[in-house]
Amino acid sequence: MTQREIARLCCKITAIYALIRSIESVDGIVSVFYMLPVLAYGGSVDIHWNFYVAVFLGALPPVVLAAVAIFFWRQSGIIAVWITGQNLQDAPDETVPIHKRVGAQELQVVAFATIGLWAIVSSISRFISSATWGARNYLSSSEESSLFILISQLASPLILLCLGFWLLFGARGIVQLLYKLRNVGLDENQRP
């Protein structure tokens, strides 16, 4: 397999992971609909617009994760080109790609970029749910500390999202830096 084919396979595996994460987060929304007849017809709670907003905000992260999964699956070739820095085709006049041996550095680039994709998928649903619920609570609350709470809820997923994008788009630079650090002080004939 070429480096681009390995990167494309990793994108598809990440897409499957994103789809599984989106399916896992649907059960909370489904449980609300099971409780709806009990709440509405039991007379204990009146259903207002807040209920519908809560259902919409709860449904937003799985829908976005499913969209990310579809994007990663359908655009895996383009993402693999971003990861590897290669063209979509090995040579313009070539009909069949030339299979080159993949070295350790090329595999490290794919591994770092794949970890970045996983970090993006992991942080997207947390970021969207924290942002929507936090913004809703911030707008409905008159407390001054609610802005601090909103920022603290968004900090962790935002840092993870930035780290994921850095690993995805900076994987080649990270591997080059690691290679230079590993070979500091070695002669040209001593380097692997």
# chains A, B, ... in the order shown; residues from 1 in each chain; ligands from 1
call {"tool": "residues_around", "arguments": {"residues": "range 69-78 of chain A", "least_positions_apart": "3", "cutoff": "8 Å", "atoms": "only C-alpha atoms", "output": "MDAnalysis selection string"}}
result
chainID A and resid 4 8:9 11:12 14:19 65:66 81:82 88
call {"tool": "write_last_selection", "arguments": {"atoms": "C-alpha atoms", "output": "PDB file, in the first residue's frame"}}
result
ATOM      1  CA  ARG A   4      -1.913   7.832   0.484  1.00  0.00           C
ATOM      2  CA  ARG A   8      -7.325   6.991   3.114  1.00  0.00           C
ATOM      3  CA  LEU A   9      -7.967   3.783   5.048  1.00  0.00           C
ATOM      4  CA  CYS A  11      -9.842   8.315   7.298  1.00  0.00           C
ATOM      5  CA  LYS A  12     -12.469   5.666   6.651  1.00  0.00           C
ATOM      6  CA  THR A  14     -12.153   7.415  11.680  1.00  0.00           C
ATOM      7  CA  ALA A  15     -15.429   7.917   9.811  1.00  0.00           C
ATOM      8  CA  ILE A  16     -16.731   4.637  11.208  1.00  0.00           C
ATOM      9  CA  TYR A  17     -15.639   5.760  14.687  1.00  0.00           C
ATOM     10  CA  ALA A  18     -17.512   9.067  14.247  1.00  0.00           C
ATOM     11  CA  LEU A  19     -20.638   7.222  13.129  1.00  0.00           C
ATOM     12  CA  LEU A  65     -21.106  13.774  14.193  1.00  0.00           C
ATOM     13  CA  ALA A  66     -23.003  11.811  11.557  1.00  0.00           C
ATOM     14  CA  VAL A  81      -3.869  14.145   0.077  1.00  0.00           C
ATOM     15  CA  TRP A  82      -3.827  16.787   2.850  1.00  0.00           C
ATOM     16  CA  LEU A  88      -4.395  13.070  -6.160  1.00  0.00           C
TER      17      LEU A  88
END
call {"tool": "closest_residue", "arguments": {"among": "A:Cys162, A:Ile120, A:Leu177, A:Ala111", "to": "Gln3 in chain A", "atoms": "only C-alpha atoms"}}
result
A:Ala111
call {"tool": "atom_distance", "arguments": {"atom1": "CA of Glu106 in chain A", "atom2": "CA of Asn87 in chain A"}}
result
15.0 Å
call {"tool": "residues_around", "arguments": {"residues": "Ile124 in chain A", "least_positions_apart": "2", "cutoff": "12 Å", "atoms": "only C-alpha atoms", "output": "number ranges by chain"}}
result
A: 18, 21-22, 60-69, 117-122, 126-131, 154, 156-162, 164-165
call {"tool": "write_last_selection", "arguments": {"atoms": "C-alpha atoms", "output": "short mmCIF file (atom, residue, chain, number, x, y, z; two decimals), in the first residue's frame"}}
result
data_model
loop_
_atom_site.label_atom_id
_atom_site.label_comp_id
_atom_site.auth_asym_id
_atom_site.auth_seq_id
_atom_site.Cartn_x
_atom_site.Cartn_y
_atom_site.Cartn_z
CA ALA A 18 -17.51 9.07 14.25
CA ARG A 21 -20.04 7.96 18.45
CA SER A 22 -23.07 9.63 16.87
CA LEU A 60 -27.53 18.55 17.42
CA PRO A 61 -24.29 16.70 18.43
CA PRO A 62 -25.27 13.29 16.96
CA VAL A 63 -26.41 14.92 13.72
CA VAL A 64 -23.17 16.88 13.40
CA LEU A 65 -21.11 13.77 14.19
CA ALA A 66 -23.00 11.81 11.56
CA ALA A 67 -22.31 14.62 9.06
CA VAL A 68 -18.61 14.52 10.00
CA ALA A 69 -18.61 10.74 9.52
CA LEU A 117 -8.76 13.12 13.19
CA TRP A 118 -9.76 11.08 16.25
CA ALA A 119 -9.23 14.12 18.48
CA ILE A 120 -11.42 16.23 16.18
CA VAL A 121 -14.19 13.64 16.23
CA SER A 122 -13.96 13.27 20.02
CA ARG A 126 -18.53 17.75 23.34
CA PHE A 127 -17.87 21.23 21.97
CA ILE A 128 -21.26 21.55 20.28
CA SER A 129 -23.21 20.26 23.26
CA SER A 130 -21.22 22.44 25.70
CA ALA A 131 -21.62 25.50 23.48
CA LEU A 154 -15.83 25.19 26.33
CA SER A 156 -11.44 21.48 27.23
CA PRO A 157 -13.22 20.58 23.96
CA LEU A 158 -11.79 23.68 22.25
CA ILE A 159 -8.23 22.78 23.28
CA LEU A 160 -8.77 19.20 22.09
CA LEU A 161 -10.22 20.47 18.79
CA CYS A 162 -7.22 22.78 18.22
CA GLY A 164 -6.62 17.70 16.59
CA PHE A 165 -6.33 20.26 13.78
#
call {"tool": "residues_around", "arguments": {"residues": "Gln105 in chain A", "least_positions_apart": "4", "cutoff": "12 Å", "atoms": "only C-alpha atoms", "output": "short mmCIF file (atom, residue, chain, number, x, y, z; two decimals) with N, CA and C atoms, in the first residue's frame"}}
result
data_model
loop_
_atom_site.label_atom_id
_atom_site.label_comp_id
_atom_site.auth_asym_id
_atom_site.auth_seq_id
_atom_site.Cartn_x
_atom_site.Cartn_y
_atom_site.Cartn_z
N GLN A 3 1.46 5.38 0.86
CA GLN A 3 1.17 6.22 2.01
C GLN A 3 -0.23 6.83 1.90
N THR A 84 -0.77 13.53 3.42
CA THR A 84 0.50 13.12 2.82
C THR A 84 1.21 14.24 2.07
N ARG A 101 7.44 1.70 -1.63
CA ARG A 101 7.59 1.20 -0.27
C ARG A 101 7.39 2.37 0.70
N VAL A 109 3.69 10.05 9.84
CA VAL A 109 2.84 11.17 9.40
C VAL A 109 1.38 10.75 9.41
N VAL A 110 1.10 9.59 8.86
CA VAL A 110 -0.28 9.08 8.83
C VAL A 110 -0.79 8.84 10.25
N ALA A 111 0.06 8.31 11.11
CA ALA A 111 -0.37 8.03 12.49
C ALA A 111 -0.69 9.32 13.24
N PHE A 112 0.16 10.33 13.13
CA PHE A 112 -0.12 11.61 13.80
C PHE A 112 -1.39 12.26 13.25
N ALA A 171 1.21 17.28 10.83
CA ALA A 171 1.84 15.96 11.02
C ALA A 171 3.18 15.86 10.32
N ARG A 172 3.29 16.37 9.10
CA ARG A 172 4.56 16.29 8.38
C ARG A 172 5.64 17.10 9.09
N GLY A 173 5.29 18.27 9.59
CA GLY A 173 6.25 19.09 10.31
C GLY A 173 6.67 18.47 11.63
N ILE A 174 5.74 17.84 12.32
CA ILE A 174 6.06 17.17 13.59
C ILE A 174 7.03 16.02 13.34
N VAL A 175 6.78 15.24 12.32
CA VAL A 175 7.66 14.11 12.02
C VAL A 175 9.04 14.60 11.59
N GLN A 176 9.09 15.67 10.81
CA GLN A 176 10.39 16.23 10.41
C GLN A 176 11.16 16.73 11.63
N LEU A 177 10.46 17.38 12.55
CA LEU A 177 11.10 17.86 13.78
C LEU A 177 11.63 16.69 14.61
N LEU A 178 10.82 15.64 14.75
CA LEU A 178 11.27 14.45 15.49
C LEU A 178 12.48 13.81 14.83
N TYR A 179 12.48 13.76 13.50
CA TYR A 179 13.62 13.18 12.77
C TYR A 179 14.88 14.01 13.01
N LYS A 180 14.75 15.33 12.97
CA LYS A 180 15.92 16.19 13.20
C LYS A 180 16.41 16.06 14.63
N PRO A 192 19.70 6.97 9.83
CA PRO A 192 18.95 5.86 9.23
C PRO A 192 18.27 6.23 7.94
#
call {"tool": "atom_distance", "arguments": {"atom1": "CA of Gly116 in chain A", "atom2": "CA of Leu168 in chain A"}}
result
4.8 Å
call {"tool": "atom_distance", "arguments": {"atom1": "CA of Gln108 in chain A", "atom2": "CA of Phe169 in chain A"}}
result
13.3 Å
